[in-house]
Amino acid sequence: MNRLFTAEIVRNDPMDNGYFALQVTPDVEISEPDIGQFFMIKTGESIDPLLLRPFSFVDFIPPNDKYPNGSLMFLIGAVGKGTNILKHLAVGMRLSVIGPLGQGFPPVASDEILFIVAGGIGIASVLGLTNVNPNTPFFYGVRTKELIPDMVWFNYTGINTFTTSDDGSIGFAGSVLELLEKQVSEFKRGCGGKIKIYACGPNGMYRAMAGMNLDADVYVSLETPMACGIGTCLGCAVDTVNGLKMVCKDGPVFNLKDIIWDG
Amino acid sequence: MNRLFTAEIVRNDPMDNGYFALQVTPDVEISEPDIGQFFMIKTGESIDPLLLRPFSFVDFIPPNDKYPNGSLMFLIGAVGKGTNILKHLAVGMRLSVIGPLGQGFPPVASDEILFIVAGGIGIASVLGLTNVNPNTPFFYGVRTKELIPDMVWFNYTGINTFTTSDDGSIGFAGSVLELLEKQVSEFKRGCGGKIKIYACGPNGMYRAMAGMNLDADVYVSLETPMACGIGTCLGCAVDTVNGLKMVCKDGPVFNLKDIIWDG
Amino acid sequence: MNLSVNIGGLELKNPVVTASGTFGYGVEYAEFLDLNLIGAITVKGLSLRPAKGNPPGRVWETPCGMLNAIGLQNIGIDAFIKDKLPELRKYDTKIIANFFGDTIEEYVEAAAALSAADGVHALEMNISCPNKQAGWIAFGTDPALTEKVVTAARRATKLPLIVKLSPNVTSIADMARAAVNGGADALSVINTITGMAIDIETRRPRLSNIVGGLSGPAIRPIAVRMVFQAAKAVTVPIIGMGGIMTGGDAIEFILAGASAVAIGTANFVNPAASVEVLDSIKDYIVRNRIDDINTLVGGIIC
Amino acid sequence: MNLSVNIGGLELKNPVVTASGTFGYGVEYAEFLDLNLIGAITVKGLSLRPAKGNPPGRVWETPCGMLNAIGLQNIGIDAFIKDKLPELRKYDTKIIANFFGDTIEEYVEAAAALSAADGVHALEMNISCPNKQAGWIAFGTDPALTEKVVTAARRATKLPLIVKLSPNVTSIADMARAAVNGGADALSVINTITGMAIDIETRRPRLSNIVGGLSGPAIRPIAVRMVFQAAKAVTVPIIGMGGIMTGGDAIEFILAGASAVAIGTANFVNPAASVEVLDSIKDYIVRNRIDDINTLVGGIIC
Ligand SMILES: Cc1cc2nc3c(=O)[nH]c(=O)nc-3n(C[C@H](O)[C@H](O)[C@H](O)COP(=O)(O)OP(=O)(O)OC[C@H]3O[C@@H](n4cnc5c(N)ncnc54)[C@H](O)[C@@H]3O)c2cc1C
Ligand SMILES: Cc1cc2nc3c(=O)[nH]c(=O)nc-3n(C[C@H](O)[C@H](O)[C@H](O)COP(=O)(O)OP(=O)(O)OC[C@H]3O[C@@H](n4cnc5c(N)ncnc54)[C@H](O)[C@@H]3O)c2cc1C
Ligand SMILES: Cc1cc2nc3c(=O)[nH]c(=O)nc-3n(C[C@H](O)[C@H](O)[C@H](O)COP(=O)(O)O)c2cc1C
Ligand SMILES: Cc1cc2nc3c(=O)[nH]c(=O)nc-3n(C[C@H](O)[C@H](O)[C@H](O)COP(=O)(O)O)c2cc1C
Ligand code: FES
Ligand code: FES
């Protein structure tokens, strides 16, 4: 199946906190994406911004009566040129999209327990995991309460969430990793067993996790600037113990212990 | 008064034929513009297109209760990058504008009779003249009937219009200049008197007029690519018998006999 | 209607080729377009041994353009011949092998190795990548050295030899003449222009290599000018490139003097860009009643 | 918080100046901004005699940029001194007179005439306009000639002498060194990059001069790179320019090594751009707790 397609905007709702929820329906059949995979989206007609922008999808709704090719949901932070244009595009407009791209989160074995960690907008890449793993503890760190997107939009209301905020305005006051560490060691002391941690957040969070002694298989979703999204420009390189890897093709999900953090 | 201002879009109506009618209200008081003057308008937030675009205004509605700083009406053809973006901007958005700019059409003396000539989208620059000169014969040439904009928008419904079309689909079949020439000589044979002709259309029309023996003072509104619109970049030069002139500052309205057509 | 062009002995069914480094090894794009439709595929720049390229921090978007400092990462000529060429041979299109070396000897050896391979139809010699350092840069900016390295490579191959020029020079005409004097059958004009960008929050360069190559629509006016100047200076055919996004852009290069055009950065924006450009070139020549695209080459009226 | 910078003897209250040819003779902009606020006004390039410039077909927009081939139309030094300077003297800002000549003698004469005028605070020598033909171009591209013409102009003035470099060269570092060897107190980097555009319907160049100078955001990555390279090559202060639209863009140039920045094409997009850039620079240095803007110059961390 050709991964280049056009999709119509069927919903594009700004939230108060700078995030927006975008739903598109492809004009043709697309492959069902895995959680952690992503799509490159052209944020308008202009040649500035020139390049497509990478976005993880939150949810793929399979083909149905209303949307014969299904529909894709995105949660996006308006942080720069492209996202601010995308945010204002009207329902009914068509976008050029490539995807699904890259390697998503690996499956969780039956003898493994999954912990999910999201930092800030990183929630967009891992929220979908709660679909397949409904009771999984979901650690979600934000700077402050207002930065939490309106989850209702995604029909994710029954998640087992441990929220933390830097300023204590919601949930546990402090770092999401602090809480994670506590829960993981509690779990180890309690029932025990193999733990997998799937995380998406800023690089600083990953570095901190790499320095922690988590006794778990940690997979993280990396972000780098991208040009092609399909492994040909060689622009999105990341240094790993197995040599340079392309985030768009070999990732964006990597085993944390493989990543080499320098500088 | 500072000629740099922002203005809010209060109406932006596409027409079937690619034209659109744009009405904006300035956020501050602006000078009342003369017919034939123009405004430079930024067609969106993007740096591509980079430069502002020049547009004649069709009408200026003086300050009133609804619009304390009055409002400006434009008739615009969606021909390229900038105009196609402008066409899709939503009511409520603000545009950066410079104007009024340049020299409009000179006043008509009491012993002079005015004839107005518009070719295609050129109508935007001269339509306003019918306001001050209500019974003036208005010669309007189009390629085909469908290219006539919806005049109702501008409340210009009672104009003494002589329409011509290249394909005969409306009015006189043939060139607008043919009809003009006929009417001018008829007028000369009849009541007689001094004639002024104010025209706006493509350069080809002006060249043809320059070659005709019209026995009238002909003023035309020129178009050239522009960068600054205020006479400083020296980009919009036109060759005249008085040396190079700047269309944005010395024009856009020039006496036809002063223009040197080469090439 | 004839669309075929001859690029220094390389017969192309139409003038649209892909630019090196922006189309992988070609095969990756089979999913997005019918590779049989385009004139030629130029593959990622190849070296004798696999090359690792620069550390991360390799691409950055700029106004209407992008900077890259990939640093010529590639799988090496042997792996290309073994793993990619057999796949490419299945398509009815021409394969242009872009290559580089660190020394004259490496250029010669690379040219010879690629010429011996089944399925390589022409060589494109990259003497102009802004991501390589020091001495290397001189191959692409010093006419005497250019002539020397081209002369050497010329002796190592019987295939059409296309030399890709650097735009980072005072006179592209001098460079074009030097390459032709060295035996180039055709020229590619232009490679990327050296640029840089700085993150004002961290105060660090956006690219690990500090500087990188600017490509995309931003550079098109510069590229068109250089094609025009190079075409005036030499008689060999030119492949024009630099910011081509549409068929109209391609026609601009052809009028300026290019016999073929390469689609580069546009492939990232739209992986099917090359066929869309081709279709739109066809529309233009039909609309303008042109029988043979070659009559349009250098057709600018000054 | 210190914003003042010293450009080779020219004391500016802040580092924001306007770029020659994009701000008329300054006075035209009094309506749009308080001219007292900006560091300096650089006026349109002046010559001994009034110059007519190129025929119409002088500007054309390109992706994120524009081409111009004004051809240095100006009212001449005498008219500038008589008609514009008295008006400019009313403002508390510095006036930089940009000038050019066709021969070394004309450069010398122009420098002398402007130096004698009351209200000119510095000279900016344009050796780099891509709209002039033939021999003239060599002043801006041949280091030996650059040094020669700068040396001659240097003797003709006691004012700070800023030399404006052409980006159309292989090595901006060599050009910077040549200008400094000739006696330049400071450098302006960069002038426009030569480009062209063709109307594919008429097949004619968009500019009567065929080629013109590319400016605007499109060229910013190239300009930043050249400022970086020039700043490494010489110790005199640099006025950085090329596509600056925002305060962030200006900071990028300062980090690359510019002591001041010039706002060019942005003035067309927004006649008040220079003060807006200045305000945003102030925000940045407040936010980053910088006491003296001079500590930011060349502050890139590589
Ligand atoms: C695999 C992947 C999945 C992503 N999923 C999501 C998602 O689901 N939701 C979401 O809101 N964002 C996601 N992002 C980040 C998103 O791509 C960037 O926020 C976006 O590209 C910024 O575009 P812009 O034009 O608005 O910003 P720009 O104007 O280009 O830049 C604004 C800021 O964003 C940073 N930036 C630019 N490009 C990238 C990039 N590719 N990655 C990271 N930072 C960048 C710049 O450093 C700059 O500070 C993802 C990124 C990757 C690589
Ligand atoms: C004084 C003046 C008054 C004008 N008044 C009106 C008006 O009231 N209504 C209206 O619809 N148009 C008017 N125009 C023309 C209008 O400015 C152009 O159509 C517009 O700039 C095109 O912008 P674009 O980005 O859509 O096109 P682009 O993508 O820039 O170009 C599309 C086409 O338009 C042509 N073009 C580009 N810029 C100009 C220009 N400045 N003048 C003429 N042609 C140009 C190009 O040659 C090209 O073929 C006026 C022009 C001038 C100079
Ligand atoms: C990411 C990237 C990688 C490139 N790699 C190469 C290369 O390996 N060899 C080469 O000769 N040119 C390389 N180029 C230059 C292009 O082939 C082309 O000359 C240049 O990008 C200008 O064209 P464009 O603006 O259409 O991209 C590369 C360009 C980009 C953007
Ligand atoms: C319309 C125009 C006219 C210019 N005229 C001159 C000039 O007379 N002398 C000069 O030294 N530079 C001239 N320049 C170059 C600018 O001063 C500046 O160096 C260049 O435009 C890059 O900056 P920018 O991208 O911010 O415009 C001109 C530029 C433009 C766009
Ligand atoms: S973005 Fe091009 S290789 Fe990953
Ligand atoms: S548009 Fe700048 S002088 Fe007329």
# chains A, B, ... in the order shown; residues from 1 in each chain; ligands from 1
>>> interface_residues(of="chain A", to="chain D", cutoff="10 Å", atoms="only C-alpha atoms", output="list of chain:residue names")
A:Ser46, A:Ile47, A:Asp48
>>> interface_residues(of="chain B", to="chain A", cutoff="12 Å", atoms="only C-alpha atoms", output="PyMOL selection string")
chain B and resi 44-50+80-82+84-85+88-90+93
>>> atom_distance(atom1="CA of Leu129 (chain B)", atom2="CA of Ile35 (chain B)")
6.4 Å
>>> interface_residues(of="chain C", to="chain D", cutoff="8 Å", atoms="only C-alpha atoms", output="PyMOL selection string")
chain C and resi 62-65+141+168-171+193-200+203-205+210-211+214+217-219+221-226+248+251-252+255-256+299-302
>>> residues_around(residues="Val261 (chain C)", least_positions_apart="3", cutoff="9 Å", atoms="only C-alpha atoms", output="PyMOL selection string")
chain C and resi 15-19+188+238-241+244+250-251+253-254+258
>>> residues_around(residues="Thr157 (chain C)", least_positions_apart="3", cutoff="10 Å", atoms="only C-alpha atoms", output="list in words")
Val108, Glu109, Ala110, Ala111, Ala112, Ala113, Leu114, Ser115, Ala116, Ala122, Leu123, Ala152, Ala153, Arg154, Pro160 and Leu161 of chain C
>>> closest_residue(among="A:Gly251, A:Gly122, A:Pro225, A:Gly192", to="Pro106 (chain A)", atoms="only C-alpha atoms")
A:Gly251
>>> residues_near_ligand(ligand="ligand 1", cutoff="8 Å", atoms="only C-alpha atoms and all ligand atoms", output="MDAnalysis selection string")
(chainID A and resid 19 36:39 49 52:58 74:85 121:125 221:226 247:248 251:252) or (chainID C and resid 61 199)
>>> write_last_selection(atoms="N, CA and C atoms", output="compact mmCIF listing (two decimals), in the first residue's frame")
# COMPACT_ATOMS: atom_id res chain seq x y z
N TYR A 19 -2.59 23.42 22.81
CA TYR A 19 -2.72 22.17 22.09
C TYR A 19 -3.91 22.23 21.16
N GLY A 36 3.01 4.33 18.40
CA GLY A 36 4.42 4.70 18.40
C GLY A 36 4.90 5.04 17.00
N GLN A 37 4.18 4.55 15.99
CA GLN A 37 4.49 4.99 14.63
C GLN A 37 4.02 6.43 14.45
N PHE A 38 4.39 7.03 13.33
CA PHE A 38 4.02 8.43 13.15
C PHE A 38 3.71 8.73 11.69
N PHE A 39 3.24 9.93 11.44
CA PHE A 39 2.90 10.39 10.09
C PHE A 39 3.59 11.72 9.82
N PRO A 49 6.36 27.00 5.94
CA PRO A 49 7.37 25.96 6.09
C PRO A 49 7.40 25.00 4.90
N LEU A 52 7.48 18.63 5.59
CA LEU A 52 6.38 18.06 6.35
C LEU A 52 6.81 17.95 7.81
N ARG A 53 5.83 17.85 8.70
CA ARG A 53 6.11 17.75 10.13
C ARG A 53 5.70 16.38 10.64
N PRO A 54 6.53 15.77 11.49
CA PRO A 54 6.21 14.46 12.04
C PRO A 54 5.27 14.55 13.26
N PHE A 55 4.25 13.71 13.26
CA PHE A 55 3.36 13.63 14.42
C PHE A 55 2.98 12.19 14.67
N SER A 56 3.09 11.78 15.93
CA SER A 56 2.57 10.49 16.34
C SER A 56 1.05 10.57 16.26
N PHE A 57 0.42 9.47 16.02
CA PHE A 57 -1.05 9.50 16.08
C PHE A 57 -1.46 9.00 17.45
N VAL A 58 -2.57 9.50 17.93
CA VAL A 58 -3.07 9.06 19.22
C VAL A 58 -3.95 7.83 19.05
N PHE A 74 -4.89 13.11 16.12
CA PHE A 74 -3.60 13.63 16.57
C PHE A 74 -3.82 14.62 17.70
N LEU A 75 -2.85 14.68 18.59
CA LEU A 75 -2.83 15.71 19.62
C LEU A 75 -1.55 16.50 19.40
N ILE A 76 -1.68 17.79 19.12
CA ILE A 76 -0.53 18.56 18.67
C ILE A 76 -0.36 19.84 19.47
N GLY A 77 0.86 20.13 19.80
CA GLY A 77 1.18 21.40 20.46
C GLY A 77 1.55 22.43 19.40
N ALA A 78 0.93 23.61 19.47
CA ALA A 78 1.26 24.68 18.52
C ALA A 78 2.52 25.37 19.03
N VAL A 79 3.68 24.96 18.50
CA VAL A 79 4.95 25.46 19.02
C VAL A 79 5.71 26.34 18.04
N GLY A 80 5.39 26.25 16.76
CA GLY A 80 6.16 27.01 15.77
C GLY A 80 5.34 27.29 14.53
N LYS A 81 6.06 27.55 13.45
CA LYS A 81 5.42 27.95 12.20
C LYS A 81 4.37 26.95 11.71
N GLY A 82 4.84 25.71 11.55
CA GLY A 82 3.98 24.71 10.91
C GLY A 82 2.77 24.36 11.75
N THR A 83 2.99 24.13 13.02
CA THR A 83 1.87 23.73 13.88
C THR A 83 0.87 24.88 14.04
N ASN A 84 1.36 26.11 14.02
CA ASN A 84 0.42 27.23 14.13
C ASN A 84 -0.42 27.43 12.87
N ILE A 85 0.13 27.04 11.74
CA ILE A 85 -0.68 27.08 10.52
C ILE A 85 -1.71 25.96 10.56
N ILE A 121 3.81 17.14 26.10
CA ILE A 121 3.12 16.78 24.87
C ILE A 121 3.46 15.35 24.45
N GLY A 122 4.48 14.76 25.08
CA GLY A 122 4.84 13.37 24.82
C GLY A 122 3.66 12.43 24.99
N ILE A 123 2.66 12.89 25.70
CA ILE A 123 1.47 12.07 25.91
C ILE A 123 0.84 11.62 24.59
N ALA A 124 1.02 12.44 23.55
CA ALA A 124 0.41 12.11 22.25
C ALA A 124 0.90 10.77 21.71
N SER A 125 2.15 10.43 21.97
CA SER A 125 2.72 9.20 21.40
C SER A 125 2.36 7.96 22.18
N SER A 221 10.41 7.06 22.82
CA SER A 221 10.15 7.58 21.47
C SER A 221 10.93 8.87 21.30
N LEU A 222 11.87 8.85 20.36
CA LEU A 222 12.76 10.01 20.18
C LEU A 222 12.20 11.02 19.18
N GLU A 223 12.61 12.27 19.35
CA GLU A 223 12.27 13.31 18.36
C GLU A 223 13.55 13.96 17.86
N THR A 224 13.67 14.07 16.57
CA THR A 224 14.74 14.85 15.95
C THR A 224 14.12 15.60 14.78
N PRO A 225 14.74 16.68 14.34
CA PRO A 225 14.26 17.31 13.12
C PRO A 225 14.33 16.30 11.97
N MET A 226 13.36 16.33 11.10
CA MET A 226 13.30 15.37 10.00
C MET A 226 13.04 16.08 8.68
N VAL A 247 16.04 7.91 13.15
CA VAL A 247 14.87 7.96 14.03
C VAL A 247 13.60 7.65 13.24
N CYS A 248 13.52 8.10 12.00
CA CYS A 248 12.28 7.95 11.24
C CYS A 248 12.05 6.52 10.78
N GLY A 251 13.54 4.01 14.27
CA GLY A 251 12.75 4.43 15.42
C GLY A 251 11.38 4.81 14.96
N PRO A 252 10.70 5.75 15.58
CA PRO A 252 11.22 6.61 16.64
C PRO A 252 11.38 5.91 17.99
N GLU C 61 15.48 23.17 8.98
CA GLU C 61 14.70 23.93 8.00
C GLU C 61 14.99 25.42 8.12
N ASP C 199 20.93 28.15 17.05
CA ASP C 199 19.85 28.14 18.05
C ASP C 199 20.16 29.25 19.05
>>> residues_near_ligand(ligand="ligand 5", cutoff="10 Å", atoms="only C-alpha atoms and all ligand atoms", output="ChimeraX atom specification")
/A:40,52-54,101-102,224-238,245-252 /C:22,24,58-59,70,268
